[in-house]
Every structure is written in C-alpha cells, then in structure tokens.
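Asks: Just so it is clear, I am handing over target-v9.cif, which has mmCIF, N, CA and C atoms.
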```cif
data_query
loop_
_atom_site.label_atom_id
_atom_site.label_comp_id
_atom_site.auth_asym_id
_atom_site.auth_seq_id
_atom_site.Cartn_x
_atom_site.Cartn_y
_atom_site.Cartn_z
N MET A 21 -69.53 -70.51 5.30
CA MET A 21 -70.07 -69.21 5.59
C MET A 21 -69.84 -68.80 7.02
N ALA A 22 -69.90 -69.76 7.93
CA ALA A 22 -69.71 -69.45 9.33
C ALA A 22 -68.28 -69.02 9.60
N SER A 23 -67.33 -69.56 8.83
CA SER A 23 -65.93 -69.21 9.04
C SER A 23 -65.65 -67.77 8.61
N VAL A 24 -66.36 -67.27 7.60
CA VAL A 24 -66.18 -65.88 7.15
C VAL A 24 -66.66 -64.93 8.24
N GLY A 25 -67.77 -65.22 8.85
CA GLY A 25 -68.29 -64.39 9.91
C GLY A 25 -67.39 -64.39 11.13
N LEU A 26 -66.84 -65.58 11.44
CA LEU A 26 -65.93 -65.71 12.58
C LEU A 26 -64.64 -64.94 12.33
N LYS A 27 -64.14 -65.04 11.10
CA LYS A 27 -62.91 -64.33 10.74
C LYS A 27 -63.11 -62.81 10.87
N LYS A 28 -64.26 -62.32 10.43
CA LYS A 28 -64.56 -60.89 10.51
C LYS A 28 -64.66 -60.44 11.96
N ILE A 29 -65.30 -61.27 12.78
CA ILE A 29 -65.44 -60.94 14.20
C ILE A 29 -64.08 -60.88 14.88
N LEU A 30 -63.21 -61.84 14.58
CA LEU A 30 -61.86 -61.84 15.17
C LEU A 30 -61.05 -60.63 14.71
N THR A 31 -61.16 -60.29 13.45
CA THR A 31 -60.44 -59.13 12.92
C THR A 31 -60.89 -57.85 13.62
N LEU A 32 -62.18 -57.70 13.81
CA LEU A 32 -62.70 -56.52 14.50
C LEU A 32 -62.24 -56.47 15.95
N ALA A 33 -62.22 -57.62 16.62
CA ALA A 33 -61.80 -57.68 18.02
C ALA A 33 -60.33 -57.31 18.14
N ILE A 34 -59.51 -57.82 17.23
CA ILE A 34 -58.08 -57.51 17.27
C ILE A 34 -57.87 -56.03 16.96
N GLY A 35 -58.61 -55.52 15.99
CA GLY A 35 -58.49 -54.10 15.64
C GLY A 35 -58.89 -53.20 16.79
N ASP A 36 -59.94 -53.55 17.50
CA ASP A 36 -60.38 -52.75 18.65
C ASP A 36 -59.33 -52.78 19.76
N GLY A 37 -58.78 -53.97 20.00
CA GLY A 37 -57.74 -54.08 21.03
C GLY A 37 -56.51 -53.29 20.66
N LEU A 38 -56.15 -53.34 19.38
CA LEU A 38 -54.97 -52.61 18.91
C LEU A 38 -55.18 -51.10 19.03
N SER A 39 -56.38 -50.63 18.64
CA SER A 39 -56.63 -49.19 18.71
C SER A 39 -56.68 -48.70 20.16
N SER A 40 -57.24 -49.51 21.06
CA SER A 40 -57.26 -49.09 22.46
C SER A 40 -55.86 -49.09 23.05
N ALA A 41 -55.02 -50.08 22.68
CA ALA A 41 -53.63 -50.10 23.15
C ALA A 41 -52.88 -48.90 22.60
N ARG A 42 -53.09 -48.57 21.33
CA ARG A 42 -52.43 -47.42 20.72
C ARG A 42 -52.83 -46.13 21.42
N ALA A 43 -54.11 -46.02 21.76
CA ALA A 43 -54.59 -44.81 22.45
C ALA A 43 -53.96 -44.70 23.83
N ASN A 44 -53.81 -45.83 24.54
CA ASN A 44 -53.19 -45.79 25.86
C ASN A 44 -51.71 -45.42 25.77
N ILE A 45 -51.02 -45.94 24.78
CA ILE A 45 -49.58 -45.68 24.66
C ILE A 45 -49.30 -44.22 24.31
N PHE A 46 -50.02 -43.72 23.32
CA PHE A 46 -49.73 -42.37 22.84
C PHE A 46 -50.56 -41.28 23.50
N GLY A 47 -51.41 -41.64 24.45
CA GLY A 47 -52.18 -40.63 25.19
C GLY A 47 -53.31 -40.02 24.39
N HIS A 48 -53.83 -40.76 23.39
CA HIS A 48 -54.96 -40.26 22.61
C HIS A 48 -56.26 -40.65 23.27
N LEU A 49 -57.31 -39.98 22.88
CA LEU A 49 -58.64 -40.30 23.39
C LEU A 49 -59.31 -41.26 22.42
N LEU A 50 -59.76 -42.38 22.93
CA LEU A 50 -60.41 -43.37 22.09
C LEU A 50 -61.88 -43.00 21.95
N ASN A 51 -62.32 -42.80 20.71
CA ASN A 51 -63.70 -42.41 20.43
C ASN A 51 -64.26 -43.33 19.34
N PRO A 52 -64.67 -44.55 19.71
CA PRO A 52 -65.13 -45.48 18.69
C PRO A 52 -66.45 -45.11 18.04
N THR A 53 -67.28 -44.33 18.73
CA THR A 53 -68.57 -43.96 18.15
C THR A 53 -68.44 -42.81 17.17
N GLY A 54 -67.39 -42.02 17.25
CA GLY A 54 -67.19 -40.91 16.34
C GLY A 54 -67.99 -39.68 16.69
N LYS A 55 -68.58 -39.64 17.87
CA LYS A 55 -69.37 -38.47 18.27
C LYS A 55 -68.44 -37.34 18.69
N LYS A 56 -68.94 -36.12 18.59
CA LYS A 56 -68.14 -34.95 18.97
C LYS A 56 -67.93 -34.91 20.47
N SER A 57 -66.75 -34.50 20.87
CA SER A 57 -66.46 -34.31 22.29
C SER A 57 -65.63 -33.05 22.43
N GLY A 58 -65.52 -32.54 23.60
CA GLY A 58 -64.76 -31.31 23.83
C GLY A 58 -63.29 -31.55 24.07
N HIS A 59 -62.81 -32.75 23.75
CA HIS A 59 -61.42 -33.08 24.07
C HIS A 59 -60.43 -32.21 23.30
N LYS A 60 -60.77 -31.83 22.07
CA LYS A 60 -59.87 -31.00 21.28
C LYS A 60 -59.66 -29.64 21.97
N ILE A 61 -60.71 -29.12 22.56
CA ILE A 61 -60.61 -27.83 23.25
C ILE A 61 -59.76 -27.98 24.50
N TYR A 62 -59.93 -29.09 25.22
CA TYR A 62 -59.14 -29.31 26.44
C TYR A 62 -57.67 -29.48 26.13
N ARG A 63 -57.34 -30.01 24.95
CA ARG A 63 -55.95 -30.23 24.58
C ARG A 63 -55.23 -28.94 24.24
N MET A 64 -55.97 -27.92 23.83
CA MET A 64 -55.34 -26.68 23.39
C MET A 64 -54.64 -25.97 24.54
N LYS A 65 -53.59 -25.23 24.19
CA LYS A 65 -52.88 -24.44 25.20
C LYS A 65 -53.77 -23.28 25.64
N LEU A 66 -53.59 -22.88 26.89
CA LEU A 66 -54.31 -21.71 27.38
C LEU A 66 -53.63 -20.45 26.85
N PHE A 67 -54.42 -19.49 26.40
CA PHE A 67 -53.83 -18.29 25.80
C PHE A 67 -54.25 -17.02 26.51
N GLY A 68 -54.77 -17.12 27.72
CA GLY A 68 -55.21 -15.93 28.45
C GLY A 68 -54.07 -15.00 28.82
N GLU A 69 -52.92 -15.58 29.16
CA GLU A 69 -51.77 -14.75 29.54
C GLU A 69 -51.27 -13.93 28.35
N LYS A 70 -51.26 -14.53 27.17
CA LYS A 70 -50.79 -13.79 25.99
C LYS A 70 -51.74 -12.65 25.66
N VAL A 71 -53.03 -12.88 25.81
CA VAL A 71 -54.00 -11.83 25.54
C VAL A 71 -53.82 -10.70 26.56
N ALA A 72 -53.58 -11.07 27.81
CA ALA A 72 -53.40 -10.05 28.84
C ALA A 72 -52.14 -9.22 28.61
N GLN A 73 -51.13 -9.80 27.98
CA GLN A 73 -49.90 -9.06 27.72
C GLN A 73 -50.07 -8.00 26.65
N TRP A 74 -51.07 -8.15 25.79
CA TRP A 74 -51.30 -7.16 24.75
C TRP A 74 -51.73 -5.82 25.32
N TYR A 75 -52.43 -5.84 26.44
CA TYR A 75 -52.96 -4.61 27.02
C TYR A 75 -51.99 -4.07 28.07
N PRO A 76 -51.64 -2.80 27.97
CA PRO A 76 -50.68 -2.26 28.94
C PRO A 76 -51.31 -2.13 30.33
N HIS A 77 -50.45 -2.13 31.32
CA HIS A 77 -50.88 -1.99 32.70
C HIS A 77 -51.38 -0.56 32.92
N ASP A 78 -52.50 -0.40 33.59
CA ASP A 78 -53.09 0.92 33.82
C ASP A 78 -52.42 1.55 35.02
N ILE A 79 -51.57 2.56 34.77
CA ILE A 79 -50.84 3.19 35.87
C ILE A 79 -51.73 4.17 36.63
N ASN A 80 -52.87 4.55 36.05
CA ASN A 80 -53.75 5.49 36.73
C ASN A 80 -54.28 4.92 38.04
N LYS A 81 -54.51 3.61 38.07
CA LYS A 81 -55.05 3.01 39.28
C LYS A 81 -54.01 2.87 40.38
N ASP A 82 -52.74 2.80 39.99
CA ASP A 82 -51.68 2.63 40.98
C ASP A 82 -51.20 3.95 41.57
N ASP A 83 -51.28 5.03 40.81
CA ASP A 83 -50.73 6.31 41.25
C ASP A 83 -51.77 7.09 42.04
N PRO A 84 -51.53 7.32 43.34
CA PRO A 84 -52.52 8.05 44.13
C PRO A 84 -52.68 9.51 43.70
N LEU A 85 -51.64 10.11 43.11
CA LEU A 85 -51.75 11.49 42.67
C LEU A 85 -52.71 11.61 41.49
N VAL A 86 -52.66 10.65 40.59
CA VAL A 86 -53.56 10.67 39.44
C VAL A 86 -55.00 10.46 39.92
N MET A 87 -55.19 9.53 40.84
CA MET A 87 -56.53 9.28 41.36
C MET A 87 -57.07 10.50 42.09
N ALA A 88 -56.22 11.18 42.86
CA ALA A 88 -56.66 12.38 43.58
C ALA A 88 -57.04 13.48 42.59
N ARG A 89 -56.27 13.62 41.51
CA ARG A 89 -56.57 14.65 40.51
C ARG A 89 -57.90 14.36 39.83
N GLN A 90 -58.16 13.09 39.50
CA GLN A 90 -59.42 12.73 38.87
C GLN A 90 -60.60 12.98 39.82
N GLN A 91 -60.41 12.67 41.08
CA GLN A 91 -61.46 12.91 42.08
C GLN A 91 -61.73 14.40 42.21
N GLN A 92 -60.67 15.21 42.20
CA GLN A 92 -60.83 16.66 42.32
C GLN A 92 -61.57 17.22 41.10
N GLU A 93 -61.24 16.71 39.90
CA GLU A 93 -61.94 17.16 38.69
C GLU A 93 -63.42 16.80 38.76
N ARG A 94 -63.72 15.61 39.26
CA ARG A 94 -65.10 15.18 39.37
C ARG A 94 -65.87 16.07 40.34
N LEU A 95 -65.24 16.38 41.46
CA LEU A 95 -65.91 17.22 42.46
C LEU A 95 -66.12 18.64 41.95
N SER A 96 -65.13 19.18 41.22
CA SER A 96 -65.29 20.55 40.70
C SER A 96 -66.38 20.60 39.62
N LYS A 97 -66.47 19.55 38.80
CA LYS A 97 -67.53 19.50 37.80
C LYS A 97 -68.90 19.40 38.47
N LEU A 98 -68.99 18.59 39.52
CA LEU A 98 -70.24 18.45 40.25
C LEU A 98 -70.65 19.77 40.90
N GLU A 99 -69.67 20.50 41.43
CA GLU A 99 -69.96 21.79 42.05
C GLU A 99 -70.47 22.79 41.02
N MET A 100 -69.86 22.78 39.82
CA MET A 100 -70.28 23.68 38.76
C MET A 100 -71.71 23.35 38.31
N LEU A 101 -72.04 22.07 38.23
CA LEU A 101 -73.40 21.67 37.86
C LEU A 101 -74.41 22.08 38.92
N LYS A 102 -74.02 21.97 40.19
CA LYS A 102 -74.93 22.36 41.28
C LYS A 102 -75.22 23.85 41.24
N ARG A 103 -74.20 24.65 40.89
CA ARG A 103 -74.41 26.10 40.82
C ARG A 103 -75.40 26.48 39.72
N ARG A 104 -75.41 25.69 38.64
CA ARG A 104 -76.36 25.95 37.56
C ARG A 104 -77.71 25.30 37.80
N GLY A 105 -77.82 24.52 38.88
CA GLY A 105 -79.07 23.85 39.19
C GLY A 105 -79.25 22.55 38.43
N LYS A 106 -78.19 22.01 37.90
CA LYS A 106 -78.26 20.79 37.11
C LYS A 106 -77.67 19.59 37.86
N GLY A 107 -77.32 19.74 39.10
CA GLY A 107 -76.70 18.67 39.87
C GLY A 107 -77.71 17.61 40.27
N PRO A 108 -77.23 16.55 40.91
CA PRO A 108 -78.16 15.50 41.34
C PRO A 108 -79.05 16.01 42.47
N PRO A 109 -80.28 15.52 42.55
CA PRO A 109 -81.19 15.98 43.61
C PRO A 109 -80.78 15.40 44.96
N LYS A 110 -81.29 16.02 46.03
CA LYS A 110 -81.02 15.50 47.36
C LYS A 110 -81.70 14.16 47.52
N LYS A 111 -81.26 13.41 48.50
CA LYS A 111 -81.81 12.08 48.72
C LYS A 111 -83.30 12.20 49.05
N GLY A 112 -84.10 11.41 48.33
CA GLY A 112 -85.54 11.42 48.57
C GLY A 112 -86.27 12.51 47.81
N GLN A 113 -85.58 13.25 46.93
CA GLN A 113 -86.22 14.34 46.19
C GLN A 113 -86.21 14.08 44.68
N GLY A 114 -85.87 12.87 44.26
CA GLY A 114 -85.75 12.57 42.84
C GLY A 114 -87.07 12.28 42.17
N ARG A 115 -87.01 11.79 40.93
CA ARG A 115 -88.20 11.52 40.13
C ARG A 115 -89.06 10.41 40.76
N ARG A 116 -88.41 9.37 41.25
CA ARG A 116 -89.18 8.26 41.82
C ARG A 116 -89.95 8.71 43.06
N ALA A 117 -89.31 9.56 43.86
CA ALA A 117 -89.99 10.04 45.06
C ALA A 117 -91.17 10.94 44.68
N ALA A 118 -90.99 11.71 43.60
CA ALA A 118 -92.08 12.59 43.15
C ALA A 118 -93.26 11.76 42.63
N LYS A 119 -92.98 10.64 41.96
CA LYS A 119 -94.04 9.78 41.47
C LYS A 119 -94.82 9.14 42.62
N ARG A 120 -94.11 8.76 43.65
CA ARG A 120 -94.74 8.09 44.79
C ARG A 120 -95.64 9.04 45.57
N ASN A 121 -95.28 10.30 45.61
CA ASN A 121 -96.04 11.27 46.40
C ASN A 121 -97.29 11.75 45.68
N LYS A 122 -97.44 11.47 44.41
CA LYS A 122 -98.61 11.93 43.66
C LYS A 122 -99.85 11.19 44.05
#
```
Mind turning the file's structure into structure tokens?
Replies:
Amino acid sequence: MASVGLKKILTLAIGDGLSSARANIFGHLLNPTGKKSGHKIYRMKLFGEKVAQWYPHDINKDDPLVMARQQQERLSKLEMLKRRGKGPPKKGQGRRAAKRNK
C-alpha cells in the first residue's frame, strides 16, 4: 500500500515539473489552482488605434476660419437674446444672488 502512495506522489511531482517546464518554454502562465486571473486580457492585442481610425478627424478644430465663424454666430445669437431680454444676467445679478439677498 505504501508503494502505491509513493508512486502517485512521484507521478504528481513529475507532472508538476513537466507542466512548469512547458509553461516556461512556451511562455504560458502556470495556474495550478485554476483560479481566474486577468492574464487573458493582458494577452489580447490593443485595439484603441483601430477604434480611433473609425472616427474621422474633426477639421473644424484645425481651421481658424471655421472657428471664427462659429464664434461670430454665437456672439450674434447672444446679442439677439440680449435685445429680447433673454440673455444671461450680469455678474452678481442671477438667481443665486437674488436668493442670498432675501
């Protein structure tokens, strides 16, 4: 009976040594406990560049004429709102200031 136990112990030891050597040779991660690890995620290729290529480059930010036109449209809209009395209040005249003064 003792020889059966010894034989099993030797077989397990040889198997463990073989699996660790195999992992070292082929660059695998040895996980004898079988618990989850993030190694599969680390092995994956990065795909951020491919995702970024799907979206076109925004030329509006590079072109100063486009930016100037957008700024001019914003200012003209703000001026039109001010003429109707719907523009933003002066500094210190907003709702929060009115609440504080009550």
Asks: From chain A, collect each residue whose DSSP state is alpha helix (DSSP H) and return the set as number ranges by chain.
Replies: A: 22-46, 59-63, 68-74, 84-104, 115-121
Asks: By how many Å are CA of Ala118 (chain A) and CA of Arg103 (chain A) apart?
Replies: 22.4 Å
Asks: In Å, how far is it from CA of Lys106 (chain A) to atom C of Val86 (chain A)?
Replies: 25.6 Å
Asks: Please return as a PyMOL selection string every residue within 12 Å of (-57.0, -44.0, 23.1), taking into account only C-alpha atoms and the file's own coordinates.
Replies: chain A and resi 36-52+59
Asks: Kindly save the residues from that selection, with N, CA and C atoms included, as an mmCIF file, in the frame of the given file.
Replies:
```cif
data_model
loop_
_atom_site.group_PDB
_atom_site.id
_atom_site.type_symbol
_atom_site.label_atom_id
_atom_site.label_comp_id
_atom_site.auth_asym_id
_atom_site.auth_seq_id
_atom_site.Cartn_x
_atom_site.Cartn_y
_atom_site.Cartn_z
ATOM 1 N N ASP A 36 -59.940 -53.550 17.500
ATOM 2 C CA ASP A 36 -60.380 -52.750 18.650
ATOM 3 C C ASP A 36 -59.330 -52.780 19.760
ATOM 4 N N GLY A 37 -58.780 -53.970 20.000
ATOM 5 C CA GLY A 37 -57.740 -54.080 21.030
ATOM 6 C C GLY A 37 -56.510 -53.290 20.660
ATOM 7 N N LEU A 38 -56.150 -53.340 19.380
ATOM 8 C CA LEU A 38 -54.970 -52.610 18.910
ATOM 9 C C LEU A 38 -55.180 -51.100 19.030
ATOM 10 N N SER A 39 -56.380 -50.630 18.640
ATOM 11 C CA SER A 39 -56.630 -49.190 18.710
ATOM 12 C C SER A 39 -56.680 -48.700 20.160
ATOM 13 N N SER A 40 -57.240 -49.510 21.060
ATOM 14 C CA SER A 40 -57.260 -49.090 22.460
ATOM 15 C C SER A 40 -55.860 -49.090 23.050
ATOM 16 N N ALA A 41 -55.020 -50.080 22.680
ATOM 17 C CA ALA A 41 -53.630 -50.100 23.150
ATOM 18 C C ALA A 41 -52.880 -48.900 22.600
ATOM 19 N N ARG A 42 -53.090 -48.570 21.330
ATOM 20 C CA ARG A 42 -52.430 -47.420 20.720
ATOM 21 C C ARG A 42 -52.830 -46.130 21.420
ATOM 22 N N ALA A 43 -54.110 -46.020 21.760
ATOM 23 C CA ALA A 43 -54.590 -44.810 22.450
ATOM 24 C C ALA A 43 -53.960 -44.700 23.830
ATOM 25 N N ASN A 44 -53.810 -45.830 24.540
ATOM 26 C CA ASN A 44 -53.190 -45.790 25.860
ATOM 27 C C ASN A 44 -51.710 -45.420 25.770
ATOM 28 N N ILE A 45 -51.020 -45.940 24.780
ATOM 29 C CA ILE A 45 -49.580 -45.680 24.660
ATOM 30 C C ILE A 45 -49.300 -44.220 24.310
ATOM 31 N N PHE A 46 -50.020 -43.720 23.320
ATOM 32 C CA PHE A 46 -49.730 -42.370 22.840
ATOM 33 C C PHE A 46 -50.560 -41.280 23.500
ATOM 34 N N GLY A 47 -51.410 -41.640 24.450
ATOM 35 C CA GLY A 47 -52.180 -40.630 25.190
ATOM 36 C C GLY A 47 -53.310 -40.020 24.390
ATOM 37 N N HIS A 48 -53.830 -40.760 23.390
ATOM 38 C CA HIS A 48 -54.960 -40.260 22.610
ATOM 39 C C HIS A 48 -56.260 -40.650 23.270
ATOM 40 N N LEU A 49 -57.310 -39.980 22.880
ATOM 41 C CA LEU A 49 -58.640 -40.300 23.390
ATOM 42 C C LEU A 49 -59.310 -41.260 22.420
ATOM 43 N N LEU A 50 -59.760 -42.380 22.930
ATOM 44 C CA LEU A 50 -60.410 -43.370 22.090
ATOM 45 C C LEU A 50 -61.880 -43.000 21.950
ATOM 46 N N ASN A 51 -62.320 -42.800 20.710
ATOM 47 C CA ASN A 51 -63.700 -42.410 20.430
ATOM 48 C C ASN A 51 -64.260 -43.330 19.340
ATOM 49 N N PRO A 52 -64.670 -44.550 19.710
ATOM 50 C CA PRO A 52 -65.130 -45.480 18.690
ATOM 51 C C PRO A 52 -66.450 -45.110 18.040
ATOM 52 N N HIS A 59 -62.810 -32.750 23.750
ATOM 53 C CA HIS A 59 -61.420 -33.080 24.070
ATOM 54 C C HIS A 59 -60.430 -32.210 23.300
#
```
Asks: What is the atom C of Pro84 (chain A) to CA of Ser96 (chain A) distance in Å?
Replies: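 CA of Ser96 (chain A) lies at a distance of 17.0 Å from atom C of Pro84 (chain A).
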Asks: Report the centre and edge lengths, in Å to one decimal, of an axis-aligned box enclosing every atom of region 66-84 of chain A listed in the file, padded by 4 Å on each side, as AutoDock Vina command-line options.
Replies:
```
--center_x -52.6 --center_y -6.7 --center_z 34.4 --size_x 13.3 --size_y 40.4 --size_z 27.4
```
Asks: Using the incomplete input, complete region 28-54 of chain A to the level of N, CA, C and O atoms; output as an mmCIF file, in the frame of the given file.
Replies:
```
data_model
loop_
_atom_site.group_PDB
_atom_site.id
_atom_site.type_symbol
_atom_site.label_atom_id
_atom_site.label_comp_id
_atom_site.auth_asym_id
_atom_site.auth_seq_id
_atom_site.Cartn_x
_atom_site.Cartn_y
_atom_site.Cartn_z
ATOM 1 N N LYS A 28 -64.260 -62.320 10.430
ATOM 2 C CA LYS A 28 -64.560 -60.890 10.510
ATOM 3 C C LYS A 28 -64.660 -60.440 11.960
ATOM 4 O O LYS A 28 -64.150 -59.379 12.342
ATOM 5 N N ILE A 29 -65.300 -61.270 12.780
ATOM 6 C CA ILE A 29 -65.440 -60.940 14.200
ATOM 7 C C ILE A 29 -64.080 -60.880 14.880
ATOM 8 O O ILE A 29 -63.783 -59.952 15.650
ATOM 9 N N LEU A 30 -63.210 -61.840 14.580
ATOM 10 C CA LEU A 30 -61.860 -61.840 15.170
ATOM 11 C C LEU A 30 -61.050 -60.630 14.710
ATOM 12 O O LEU A 30 -60.319 -60.031 15.493
ATOM 13 N N THR A 31 -61.160 -60.290 13.450
ATOM 14 C CA THR A 31 -60.440 -59.130 12.920
ATOM 15 C C THR A 31 -60.890 -57.850 13.620
ATOM 16 O O THR A 31 -60.060 -57.009 13.992
ATOM 17 N N LEU A 32 -62.180 -57.700 13.810
ATOM 18 C CA LEU A 32 -62.700 -56.520 14.500
ATOM 19 C C LEU A 32 -62.240 -56.470 15.950
ATOM 20 O O LEU A 32 -61.879 -55.415 16.475
ATOM 21 N N ALA A 33 -62.220 -57.620 16.620
ATOM 22 C CA ALA A 33 -61.800 -57.680 18.020
ATOM 23 C C ALA A 33 -60.330 -57.310 18.140
ATOM 24 O O ALA A 33 -59.934 -56.564 19.055
ATOM 25 N N ILE A 34 -59.510 -57.820 17.230
ATOM 26 C CA ILE A 34 -58.080 -57.510 17.270
ATOM 27 C C ILE A 34 -57.870 -56.030 16.960
ATOM 28 O O ILE A 34 -57.054 -55.360 17.604
ATOM 29 N N GLY A 35 -58.610 -55.520 15.990
ATOM 30 C CA GLY A 35 -58.490 -54.100 15.640
ATOM 31 C C GLY A 35 -58.890 -53.200 16.790
ATOM 32 O O GLY A 35 -58.240 -52.179 17.050
ATOM 33 N N ASP A 36 -59.940 -53.550 17.500
ATOM 34 C CA ASP A 36 -60.380 -52.750 18.650
ATOM 35 C C ASP A 36 -59.330 -52.780 19.760
ATOM 36 O O ASP A 36 -59.037 -51.747 20.371
ATOM 37 N N GLY A 37 -58.780 -53.970 20.000
ATOM 38 C CA GLY A 37 -57.740 -54.080 21.030
ATOM 39 C C GLY A 37 -56.510 -53.290 20.660
ATOM 40 O O GLY A 37 -55.893 -52.636 21.502
ATOM 41 N N LEU A 38 -56.150 -53.340 19.380
ATOM 42 C CA LEU A 38 -54.970 -52.610 18.910
ATOM 43 C C LEU A 38 -55.180 -51.100 19.030
ATOM 44 O O LEU A 38 -54.289 -50.370 19.480
ATOM 45 N N SER A 39 -56.380 -50.630 18.640
ATOM 46 C CA SER A 39 -56.630 -49.190 18.710
ATOM 47 C C SER A 39 -56.680 -48.700 20.160
ATOM 48 O O SER A 39 -56.209 -47.606 20.467
ATOM 49 N N SER A 40 -57.240 -49.510 21.060
ATOM 50 C CA SER A 40 -57.260 -49.090 22.460
ATOM 51 C C SER A 40 -55.860 -49.090 23.050
ATOM 52 O O SER A 40 -55.501 -48.201 23.836
ATOM 53 N N ALA A 41 -55.020 -50.080 22.680
ATOM 54 C CA ALA A 41 -53.630 -50.100 23.150
ATOM 55 C C ALA A 41 -52.880 -48.900 22.600
ATOM 56 O O ALA A 41 -52.097 -48.257 23.323
ATOM 57 N N ARG A 42 -53.090 -48.570 21.330
ATOM 58 C CA ARG A 42 -52.430 -47.420 20.720
ATOM 59 C C ARG A 42 -52.830 -46.130 21.420
ATOM 60 O O ARG A 42 -52.009 -45.255 21.692
ATOM 61 N N ALA A 43 -54.110 -46.020 21.760
ATOM 62 C CA ALA A 43 -54.590 -44.810 22.450
ATOM 63 C C ALA A 43 -53.960 -44.700 23.830
ATOM 64 O O ALA A 43 -53.591 -43.604 24.263
ATOM 65 N N ASN A 44 -53.810 -45.830 24.540
ATOM 66 C CA ASN A 44 -53.190 -45.790 25.860
ATOM 67 C C ASN A 44 -51.710 -45.420 25.770
ATOM 68 O O ASN A 44 -51.199 -44.652 26.586
ATOM 69 N N ILE A 45 -51.020 -45.940 24.780
ATOM 70 C CA ILE A 45 -49.580 -45.680 24.660
ATOM 71 C C ILE A 45 -49.300 -44.220 24.310
ATOM 72 O O ILE A 45 -48.463 -43.569 24.924
ATOM 73 N N PHE A 46 -50.020 -43.720 23.320
ATOM 74 C CA PHE A 46 -49.730 -42.370 22.840
ATOM 75 C C PHE A 46 -50.560 -41.280 23.500
ATOM 76 O O PHE A 46 -50.438 -40.110 23.170
ATOM 77 N N GLY A 47 -51.410 -41.640 24.450
ATOM 78 C CA GLY A 47 -52.180 -40.630 25.190
ATOM 79 C C GLY A 47 -53.310 -40.020 24.390
ATOM 80 O O GLY A 47 -53.704 -38.893 24.644
ATOM 81 N N HIS A 48 -53.830 -40.760 23.390
ATOM 82 C CA HIS A 48 -54.960 -40.260 22.610
ATOM 83 C C HIS A 48 -56.260 -40.650 23.270
ATOM 84 O O HIS A 48 -56.310 -41.564 24.088
ATOM 85 N N LEU A 49 -57.310 -39.980 22.880
ATOM 86 C CA LEU A 49 -58.640 -40.300 23.390
ATOM 87 C C LEU A 49 -59.310 -41.260 22.420
ATOM 88 O O LEU A 49 -59.382 -40.994 21.222
ATOM 89 N N LEU A 50 -59.760 -42.380 22.930
ATOM 90 C CA LEU A 50 -60.410 -43.370 22.090
ATOM 91 C C LEU A 50 -61.880 -43.000 21.950
ATOM 92 O O LEU A 50 -62.597 -42.877 22.944
ATOM 93 N N ASN A 51 -62.320 -42.800 20.710
ATOM 94 C CA ASN A 51 -63.700 -42.410 20.430
ATOM 95 C C ASN A 51 -64.260 -43.330 19.340
ATOM 96 O O ASN A 51 -64.316 -42.958 18.175
ATOM 97 N N PRO A 52 -64.670 -44.550 19.710
ATOM 98 C CA PRO A 52 -65.130 -45.480 18.690
ATOM 99 C C PRO A 52 -66.450 -45.110 18.040
ATOM 100 O O PRO A 52 -66.725 -45.489 16.912
ATOM 101 N N THR A 53 -67.280 -44.330 18.730
ATOM 102 C CA THR A 53 -68.570 -43.960 18.150
ATOM 103 C C THR A 53 -68.440 -42.810 17.170
ATOM 104 O O THR A 53 -69.317 -42.616 16.332
ATOM 105 N N GLY A 54 -67.390 -42.020 17.250
ATOM 106 C CA GLY A 54 -67.190 -40.910 16.340
ATOM 107 C C GLY A 54 -67.990 -39.680 16.690
ATOM 108 O O GLY A 54 -68.092 -38.751 15.892
#
```
